[in-house]
>>> print(open('my_file18.txt').read())   # compact mmCIF, C-alpha atoms
# COMPACT_ATOMS: atom_id res chain seq x y z
CA MET U 1 28.30 -27.16 55.57
CA ALA U 2 29.83 -24.35 57.65
CA ARG U 3 33.28 -25.23 56.33
CA ARG U 4 32.00 -25.08 52.74
CA VAL U 5 30.46 -21.63 53.39
CA ARG U 6 33.75 -20.37 54.84
CA ARG U 7 35.61 -21.63 51.77
CA GLU U 8 33.12 -19.87 49.51
CA TRP U 9 33.57 -16.56 51.28
CA ARG U 10 37.33 -16.95 51.36
CA PHE U 11 37.29 -17.59 47.59
CA PHE U 12 34.95 -14.61 47.14
CA PHE U 13 37.36 -12.37 49.08
CA TRP U 14 40.47 -13.34 47.11
CA VAL U 15 38.78 -13.18 43.72
CA SER U 16 37.29 -9.78 44.56
CA LEU U 17 40.69 -8.56 45.72
CA ALA U 18 42.34 -9.77 42.51
CA SER U 19 39.64 -8.05 40.46
CA ALA U 20 40.17 -4.81 42.37
CA VAL U 21 43.93 -4.92 41.69
CA VAL U 22 43.42 -5.54 37.96
CA SER U 23 40.78 -2.80 37.74
CA ALA U 24 43.01 -0.38 39.65
CA TYR U 25 45.81 -0.96 37.16
CA PHE U 26 43.43 -0.53 34.23
CA GLY U 27 42.08 2.71 35.72
CA TYR U 28 45.61 3.94 36.26
CA ALA U 29 46.67 3.02 32.70
CA VAL U 30 43.73 4.59 30.84
CA GLY U 31 43.21 7.62 33.04
CA SER U 32 43.25 11.04 31.53
CA ALA U 33 46.59 12.83 31.30
CA ASP U 34 45.07 15.66 33.35
CA ASP U 35 44.04 13.38 36.20
CA PRO U 36 46.30 12.34 39.06
CA PRO U 37 47.31 8.68 38.59
CA LEU U 38 45.77 7.64 41.89
CA ARG U 39 42.38 9.04 40.82
CA GLY U 40 42.17 6.61 37.92
CA ALA U 41 43.28 3.74 40.14
CA SER U 42 40.69 4.59 42.79
CA HIS U 43 38.00 4.76 40.11
CA GLY U 44 39.08 1.28 38.99
CA VAL U 45 38.72 -0.09 42.52
CA LEU U 46 35.28 1.49 42.93
CA ALA U 47 34.16 0.08 39.57
CA SER U 48 35.35 -3.35 40.66
CA VAL U 49 33.31 -3.12 43.87
CA LEU U 50 30.19 -2.06 41.95
CA ILE U 51 30.59 -4.60 39.13
CA ALA U 52 32.73 -7.58 40.09
CA THR U 53 31.31 -7.98 43.59
CA PRO U 54 27.67 -8.66 42.56
CA ILE U 55 28.77 -10.86 39.66
CA PHE U 56 31.08 -12.99 41.82
CA PHE U 57 28.43 -13.19 44.54
CA VAL U 58 25.84 -14.54 42.08
CA GLU U 59 28.33 -17.03 40.62
CA ILE U 60 29.32 -18.37 44.03
CA ARG U 61 25.75 -18.58 45.36
CA ARG U 62 23.98 -19.68 42.19
CA ARG U 63 23.56 -23.27 43.38
CA ARG U 64 21.54 -21.95 46.31
CA ILE U 65 19.39 -19.48 44.36
CA GLY U 66 16.24 -21.20 43.11
CA LEU U 67 15.76 -19.04 40.01
CA LEU U 68 19.33 -19.63 38.84
CA ARG U 69 19.00 -23.37 39.45
CA ARG U 70 15.93 -23.41 37.20
CA LEU U 71 17.61 -21.29 34.53
CA ARG U 72 20.53 -23.73 34.53
CA ARG U 73 18.21 -26.30 32.97
CA LEU U 74 18.02 -24.21 29.79
CA PRO U 75 20.27 -25.05 26.82
CA LEU U 76 23.82 -23.85 27.43
CA ALA U 77 23.61 -21.18 24.70
CA ALA U 78 20.38 -19.74 26.16
CA PHE U 79 21.74 -19.79 29.71
CA PHE U 80 24.98 -18.17 28.53
CA ALA U 81 22.99 -15.42 26.74
CA ILE U 82 20.91 -14.67 29.84
CA LYS U 83 24.03 -14.46 31.98
CA ALA U 84 25.71 -12.21 29.40
CA ALA U 85 22.69 -9.88 29.48
CA PHE U 86 22.82 -9.78 33.28
CA TYR U 87 26.54 -9.04 33.16
CA ALA U 88 25.97 -6.23 30.64
CA VAL U 89 23.37 -4.58 32.88
CA VAL U 90 25.65 -4.84 35.92
CA ILE U 91 28.68 -3.54 34.02
CA VAL U 92 26.96 -0.53 32.44
CA GLY U 93 25.02 0.25 35.63
CA GLY U 94 28.14 -0.02 37.77
CA LEU U 95 30.20 2.21 35.49
CA LEU U 96 27.50 4.88 35.34
CA THR U 97 27.05 4.73 39.12
CA MET U 98 30.80 5.13 39.60
CA ARG U 99 30.87 8.14 37.27
CA VAL U 100 27.90 9.76 39.05
CA LEU U 101 29.69 9.33 42.38
CA THR U 102 33.08 10.59 41.22
CA HIS U 103 32.50 13.11 38.43
CA ALA U 104 33.79 16.66 38.72
CA PRO U 105 31.26 19.54 38.75
CA ASP U 106 32.01 20.42 35.14
CA GLU U 107 31.82 16.81 33.87
CA ASP U 108 28.82 15.01 32.40
CA PRO U 109 28.75 11.54 34.04
CA PHE U 110 26.62 10.17 31.20
CA ALA U 111 28.87 11.37 28.37
CA PHE U 112 29.74 8.42 26.13
CA ASP U 113 33.40 9.39 25.90
CA ALA U 114 36.50 7.34 25.16
CA THR U 115 37.06 6.49 28.83
CA LEU U 116 33.53 5.10 29.25
CA ARG U 117 33.78 3.15 25.99
CA GLY U 118 37.11 1.67 27.04
CA SER U 119 35.77 0.78 30.49
CA ILE U 120 32.72 -0.95 29.02
CA ALA U 121 34.88 -2.90 26.57
CA PHE U 122 37.23 -3.94 29.39
CA GLY U 123 34.33 -4.96 31.64
CA VAL U 124 32.61 -6.95 28.89
CA ALA U 125 35.85 -8.75 27.99
CA MET U 126 36.54 -9.65 31.63
CA ALA U 127 32.95 -10.82 32.14
CA PHE U 128 33.00 -12.90 28.95
CA LEU U 129 36.26 -14.62 29.85
CA GLY U 130 35.11 -15.22 33.42
CA ASN U 131 31.76 -16.57 32.25
CA LEU U 132 33.45 -18.83 29.72
CA ALA U 133 35.81 -20.18 32.37
CA VAL U 134 32.89 -20.88 34.74
CA GLU U 135 30.88 -22.72 32.09
CA MET U 136 33.89 -24.71 30.89
CA GLY U 137 34.55 -25.63 34.48
CA GLY U 138 30.94 -26.74 34.80
CA LEU U 139 31.22 -28.94 31.70
CA LEU U 140 34.57 -30.54 32.52
CA GLY U 141 34.76 -30.05 36.26
CA PHE U 142 36.95 -27.28 37.65
CA SER U 143 39.57 -29.68 38.92
CA THR U 144 39.73 -31.40 35.52
CA LEU U 145 39.90 -28.06 33.69
CA LYS U 146 42.71 -26.92 35.95
CA SER U 147 44.55 -30.19 35.38
CA PHE U 148 44.24 -29.86 31.59
CA LEU U 149 45.43 -26.24 31.61
CA THR U 150 48.42 -26.94 33.84
CA GLY U 151 49.30 -30.25 32.16
CA ARG U 152 49.28 -32.02 35.51
CA TYR U 153 48.45 -35.41 34.04
CA VAL U 154 50.33 -35.26 30.73
CA GLN U 155 52.55 -37.86 32.37
CA PRO U 156 50.63 -40.46 34.45
CA LYS U 157 50.88 -39.96 38.21
CA ARG U 158 50.27 -42.23 41.19
CA GLU U 159 47.81 -40.68 43.65
CA GLN U 160 45.87 -41.65 46.75
CA LYS U 161 42.14 -41.03 46.38
CA ALA U 162 38.82 -41.90 47.99
CA PHE U 163 35.91 -42.88 45.77
CA LEU U 164 32.15 -42.86 46.17
CA LEU U 165 30.09 -44.80 43.63
CA VAL U 166 26.38 -44.00 43.50
CA ASP U 167 23.95 -46.22 41.57
CA MET U 168 20.22 -45.53 41.11
CA LYS U 169 18.03 -48.42 42.24
CA ASP U 170 15.72 -50.20 39.78
CA SER U 171 16.81 -48.06 36.87
CA THR U 172 15.79 -50.72 34.33
CA GLY U 173 12.25 -50.90 35.71
CA LEU U 174 11.99 -47.11 35.85
CA ALA U 175 13.16 -46.82 32.24
CA GLU U 176 10.46 -49.28 31.14
CA LYS U 177 7.81 -47.47 33.16
CA LEU U 178 8.69 -43.91 32.16
CA GLY U 179 10.03 -44.43 28.66
CA PRO U 180 13.51 -43.39 27.51
CA VAL U 181 12.88 -39.62 27.31
CA ARG U 182 11.26 -39.17 30.72
CA PHE U 183 13.73 -41.59 32.29
CA HIS U 184 16.56 -39.45 30.93
CA GLU U 185 14.91 -36.41 32.55
CA LEU U 186 14.64 -38.33 35.83
CA LEU U 187 18.28 -39.33 35.61
CA ASN U 188 19.26 -35.72 35.00
CA SER U 189 17.28 -34.54 38.05
CA PHE U 190 18.81 -37.33 40.13
CA PHE U 191 22.35 -36.47 39.05
CA ARG U 192 21.66 -32.80 39.76
CA ASP U 193 20.98 -33.68 43.40
CA ILE U 194 24.08 -35.89 43.48
CA ALA U 195 26.11 -33.00 42.05
CA ASP U 196 24.78 -30.65 44.74
CA ALA U 197 25.81 -33.19 47.39
CA ALA U 198 29.25 -33.38 45.80
CA PHE U 199 29.46 -29.58 45.93
CA GLU U 200 28.49 -29.55 49.61
CA CYS U 201 31.05 -32.25 50.45
CA ASP U 202 33.89 -30.82 48.35
CA ALA U 203 33.96 -33.81 45.98
CA GLU U 204 34.87 -33.91 42.31
CA ILE U 205 32.46 -35.68 39.95
CA HIS U 206 34.80 -37.89 37.95
CA LYS U 207 32.29 -39.44 35.58
CA TYR U 208 28.67 -40.43 34.89
CA ILE U 209 28.28 -43.97 33.54
CA GLY U 210 24.68 -44.86 32.69
CA ASP U 211 22.76 -44.60 35.97
CA GLU U 212 25.95 -44.43 38.06
CA ALA U 213 28.00 -41.47 39.26
CA ILE U 214 31.62 -41.66 40.40
CA LEU U 215 32.72 -39.04 42.95
CA THR U 216 36.26 -38.68 44.19
CA TRP U 217 38.39 -36.82 46.73
CA PRO U 218 42.16 -36.47 47.15
CA MET U 219 42.96 -38.21 50.41
CA ASN U 220 43.76 -34.96 52.21
CA LYS U 221 40.24 -33.64 51.46
CA ALA U 222 38.58 -37.01 52.12
CA LEU U 223 40.07 -37.02 55.62
CA ALA U 224 38.78 -33.52 56.45
CA GLY U 225 35.72 -33.91 58.65
CA GLY U 226 34.65 -37.21 57.07
CA ASP U 227 32.98 -35.45 54.15
CA CYS U 228 33.29 -38.51 51.92
CA LEU U 229 31.39 -40.66 54.42
CA ALA U 230 28.69 -38.03 54.88
CA CYS U 231 28.18 -37.43 51.15
CA PRO U 232 25.65 -40.26 50.46
CA PHE U 233 23.46 -39.01 53.28
CA VAL U 234 23.69 -35.40 52.10
CA ALA U 235 22.51 -36.69 48.70
CA SER U 236 19.62 -38.58 50.35
CA ASP U 237 18.57 -35.41 52.19
CA LEU U 238 18.62 -33.38 48.98
CA ILE U 239 16.51 -35.96 47.15
CA ALA U 240 14.07 -36.04 50.08
CA ARG U 241 13.87 -32.25 50.00
CA ASN U 242 12.89 -32.47 46.32
CA ALA U 243 10.56 -35.44 46.81
CA GLU U 244 7.45 -33.52 45.81
CA HIS U 245 9.07 -32.49 42.53
CA TYR U 246 9.96 -36.11 41.77
CA ARG U 247 6.47 -37.39 42.62
CA ARG U 248 4.73 -34.69 40.62
CA ARG U 249 6.91 -35.09 37.54
CA TYR U 250 7.84 -38.78 37.54
CA GLY U 251 5.51 -40.47 40.01
CA ILE U 252 8.40 -41.81 42.12
CA VAL U 253 11.23 -40.64 44.36
CA PRO U 254 14.54 -42.23 43.29
CA THR U 255 16.71 -44.14 45.73
CA PHE U 256 20.26 -45.37 45.36
CA ARG U 257 23.00 -47.67 46.55
CA ALA U 258 26.47 -46.37 47.36
CA ALA U 259 29.95 -47.75 47.97
CA LEU U 260 33.04 -46.06 49.41
CA HIS U 261 36.65 -47.16 49.12
CA CYS U 262 40.11 -45.61 48.95
CA GLY U 263 43.56 -46.46 47.70
CA GLU U 264 46.17 -45.79 45.04
CA ILE U 265 45.27 -45.10 41.44
CA VAL U 266 47.21 -43.94 38.40
CA ALA U 267 45.76 -40.76 36.85
CA GLY U 268 46.63 -39.55 33.39
CA GLU U 269 45.33 -37.91 30.23
CA ILE U 270 44.01 -40.36 27.69
CA GLY U 271 42.62 -40.02 24.15
CA ASP U 272 43.39 -37.83 21.15
CA MET U 273 40.33 -36.45 19.35
CA ARG U 274 38.50 -36.46 22.69
CA ARG U 275 40.68 -36.23 25.77
CA GLU U 276 39.81 -37.01 29.35
CA ILE U 277 41.57 -37.82 32.60
CA ALA U 278 41.34 -41.53 33.33
CA TYR U 279 41.90 -43.34 36.63
CA VAL U 280 43.43 -46.80 36.39
CA GLY U 281 44.01 -49.25 39.20
CA ASP U 282 42.56 -51.83 41.52
CA THR U 283 40.95 -49.25 43.80
CA LEU U 284 38.07 -48.45 41.44
CA ASN U 285 37.57 -52.15 40.68
CA VAL U 286 37.23 -52.90 44.39
CA ALA U 287 34.77 -50.01 44.80
CA ALA U 288 32.68 -51.41 41.92
CA ARG U 289 32.72 -54.86 43.54
CA LEU U 290 31.59 -53.28 46.80
CA LEU U 291 28.70 -51.58 45.01
CA GLU U 292 27.63 -54.92 43.51
CA ALA U 293 27.76 -56.50 46.96
CA SER U 294 25.33 -53.91 48.34
CA LYS U 295 22.59 -55.49 46.19
CA THR U 296 22.99 -58.92 47.74
CA LEU U 297 23.84 -57.88 51.31
CA GLY U 298 20.73 -55.72 51.71
CA HIS U 299 22.53 -52.54 52.78
CA ASP U 300 22.28 -49.36 50.71
CA THR U 301 25.66 -47.91 51.69
CA LEU U 302 28.81 -49.97 52.12
CA VAL U 303 32.25 -48.72 53.07
CA SER U 304 35.58 -50.54 53.09
CA GLN U 305 37.48 -50.97 56.33
CA ASP U 306 40.48 -49.44 54.51
CA LEU U 307 38.64 -46.12 54.36
CA LEU U 308 37.04 -46.37 57.81
CA ALA U 309 40.47 -46.91 59.34
CA ILE U 310 41.71 -43.48 58.27
CA VAL U 311 38.59 -41.28 58.13
CA LYS U 312 36.76 -40.14 61.23
CA LEU U 313 33.12 -41.19 61.24
CA PRO U 314 30.96 -38.04 61.16
CA ASP U 315 28.53 -37.38 63.99
CA GLY U 316 25.16 -39.01 63.43
CA LEU U 317 26.52 -41.92 61.39
CA GLN U 318 27.29 -45.48 62.45
CA ALA U 319 29.29 -48.28 60.80
CA THR U 320 28.08 -51.85 61.29
CA PRO U 321 30.76 -54.49 60.55
CA LEU U 322 29.81 -57.16 58.00
CA PRO U 323 31.49 -60.41 56.94
CA THR U 324 34.60 -59.88 54.84
CA LEU U 325 34.18 -59.75 51.09
CA ALA U 326 36.22 -61.83 48.69
CA VAL U 327 37.38 -59.70 45.74
CA ARG U 328 38.79 -61.23 42.58
CA GLY U 329 42.46 -60.40 42.15
CA ARG U 330 42.88 -59.37 45.79
CA ALA U 331 44.80 -61.79 48.00
CA ALA U 332 43.20 -60.83 51.33
CA PRO U 333 39.43 -60.52 51.86
CA LEU U 334 38.12 -56.99 52.09
CA GLY U 335 36.83 -55.79 55.44
CA ILE U 336 33.54 -53.94 54.96
CA SER U 337 30.85 -52.21 57.01
CA ALA U 338 27.33 -50.96 56.41
CA LEU U 339 27.09 -47.21 56.85
CA SER U 340 23.83 -45.75 58.19
CA ARG U 341 22.44 -42.99 60.36
CA VAL U 342 22.51 -43.62 64.09
CA GLY U 343 19.40 -45.54 65.06
CA GLN U 344 18.84 -46.92 61.58
CA ASP U 345 19.78 -50.40 60.43
>>> encode(input="my_file18.txt", output="structure tokens")
Amino acid sequence: MARRVRREWRFFFWVSLASAVVSAYFGYAVGSADDPPLRGASHGVLASVLIATPIFFVEIRRRRIGLLRRLRRLPLAAFFAIKAAFYAVVIVGGLLTMRVLTHAPDEDPFAFDATLRGSIAFGVAMAFLGNLAVEMGGLLGFSTLKSFLTGRYVQPKREQKAFLLVDMKDSTGLAEKLGPVRFHELLNSFFRDIADAAFECDAEIHKYIGDEAILTWPMNKALAGGDCLACPFVASDLIARNAEHYRRRYGIVPTFRAALHCGEIVAGEIGDMRREIAYVGDTLNVAARLLEASKTLGHDTLVSQDLLAIVKLPDGLQATPLPTLAVRGRAAPLGISALSRVGQD
């Protein structure tokens, strides 16, 4: 958690710095001919502090702000409109505050002159593009969006990844009990908690398939602090924290099974009319087999020995060895363990 917070603040610092540089250049470029060049640049930096800083802060912390989490459940267009209105207030308020603080004695800080109009247009354009990038990243996943934009997987690539498969228990019975509409709402709430756990553990959500979520890490991130092993338990804690909401709305608190495995996959863009990044290889098949085995072995979270051998077990967790698992298409049996909190079987 502390590492995630440090990353957030580091990202906040660099994005704010980049915004200040761009704003300084804009202030320098559009400044009045009578003004010293540095005055326009300094005004740009001040405007960035007053405008970009609160916007970036809200974007980075929005998963932890209850009101914003609730607003996120609105239709995308409505949520986008509310954010645009917030951005407009911050932009206009920040520009007027900057002008009040820096205006000369003979200047009217509230004059709607060409400089103010240009600054508002620039701020709105930057906010719109930033907002669009954030929402597109939310729809596709930021890692996926980055990969599409850079063309990373235009040609298939071999990569080493760790996978976590999460499957809601008794989904068929819950769907019959709640009906399709309310079950869909339950599934959405459940996946929202899984997504928050992924965010906390620096995972990418690769795909939702029915009542199952597939989370993944590049091996370098999976090895850092054992985040991949901790992720199922972070998800359990988040669901427990929202237990009252689940009981009040659905009459139950969802539970899940999970499986963790790692290995080589081939990643590449696939499709034409609708494109996505697909992972192909035995690693995901083995992870799926491990998830199936959790139903018969009576353990909610299973992890392969392949992953345990290279990832440090986080404090508070224990791995209990189980009999090896025969996997179709794999010559050697798979070593597996049950993952649980210390003191729990």
>>> atom_distance(input="my_file18.txt", atom1="atom CA of Cys228 of chain U", atom2="atom CA of Asp170 of chain U")
24.3 Å
>>> closest_atom_pairs(input="my_file18.txt", of="segment 197-254 of chain U", to="segment 281-287 of chain U", cutoff="12 Å", atoms="only C-alpha atoms", output="CSV")
residue,atom,partner,partner_atom,distance
U:His206,CA,U:Leu284,CA,11.6
U:Ile214,CA,U:Leu284,CA,9.4
U:Leu215,CA,U:Leu284,CA,10.9
U:Thr216,CA,U:Leu284,CA,10.3
>>> residues_near_point(input="my_file18.txt", point="(31.3, -65.6, 46.7)", cutoff="12 Å", atoms="only C-alpha atoms", output="short mmCIF file (atom, residue, chain, number, x, y, z; two decimals) with C-alpha atoms, in the coordinates of the input")
data_model
loop_
_atom_site.label_atom_id
_atom_site.label_comp_id
_atom_site.auth_asym_id
_atom_site.auth_seq_id
_atom_site.Cartn_x
_atom_site.Cartn_y
_atom_site.Cartn_z
CA ARG U 289 32.72 -54.86 43.54
CA GLU U 292 27.63 -54.92 43.51
CA ALA U 293 27.76 -56.50 46.96
CA THR U 296 22.99 -58.92 47.74
CA LEU U 297 23.84 -57.88 51.31
CA PRO U 323 31.49 -60.41 56.94
CA THR U 324 34.60 -59.88 54.84
CA LEU U 325 34.18 -59.75 51.09
CA ALA U 326 36.22 -61.83 48.69
CA VAL U 327 37.38 -59.70 45.74
CA ARG U 328 38.79 -61.23 42.58
CA PRO U 333 39.43 -60.52 51.86
#
>>> atom_distance(input="my_file18.txt", atom1="atom CA of Ala259 of chain U", atom2="atom CA of Val303 of chain U")
5.7 Å
>>> closest_residue(input="my_file18.txt", among="U:Arg158, U:Phe26, U:Asp227, U:Ser304", to="Met126 of chain U", atoms="only C-alpha atoms")
U:Phe26
>>> atom_distance(input="my_file18.txt", atom1="atom CA of Leu238 of chain U", atom2="atom CA of Val311 of chain U")
23.3 Å
>>> residues_around(input="my_file18.txt", residues="segment 181-190 of chain U", least_positions_apart="3", cutoff="9 Å", atoms="only C-alpha atoms", output="PDB file with C-alpha atoms, keeping the file's coordinate frame")
ATOM      1  CA  MET U 168      20.220 -45.530  41.110  1.00  0.00           C
ATOM      2  CA  SER U 171      16.810 -48.060  36.870  1.00  0.00           C
ATOM      3  CA  LEU U 174      11.990 -47.110  35.850  1.00  0.00           C
ATOM      4  CA  ALA U 175      13.160 -46.820  32.240  1.00  0.00           C
ATOM      5  CA  GLU U 176      10.460 -49.280  31.140  1.00  0.00           C
ATOM      6  CA  LYS U 177       7.810 -47.470  33.160  1.00  0.00           C
ATOM      7  CA  LEU U 178       8.690 -43.910  32.160  1.00  0.00           C
ATOM      8  CA  ASP U 193      20.980 -33.680  43.400  1.00  0.00           C
ATOM      9  CA  ILE U 194      24.080 -35.890  43.480  1.00  0.00           C
ATOM     10  CA  ALA U 195      26.110 -33.000  42.050  1.00  0.00           C
ATOM     11  CA  GLY U 210      24.680 -44.860  32.690  1.00  0.00           C
ATOM     12  CA  ASP U 211      22.760 -44.600  35.970  1.00  0.00           C
ATOM     13  CA  ILE U 239      16.510 -35.960  47.150  1.00  0.00           C
ATOM     14  CA  TYR U 246       9.960 -36.110  41.770  1.00  0.00           C
ATOM     15  CA  ARG U 249       6.910 -35.090  37.540  1.00  0.00           C
ATOM     16  CA  TYR U 250       7.840 -38.780  37.540  1.00  0.00           C
ATOM     17  CA  PRO U 254      14.540 -42.230  43.290  1.00  0.00           C
TER      18      PRO U 254
END
>>> closest_residue(input="my_file18.txt", among="U:Ala224, U:Leu313, U:Val166, U:Ala114", to="Arg257 of chain U", atoms="all atoms listed in the file")
U:Val166
>>> closest_residue(input="my_file18.txt", among="U:Asp108, U:Leu164, U:Val266, U:Ala81", to="Phe128 of chain U", atoms="all atoms listed in the file")
U:Ala81
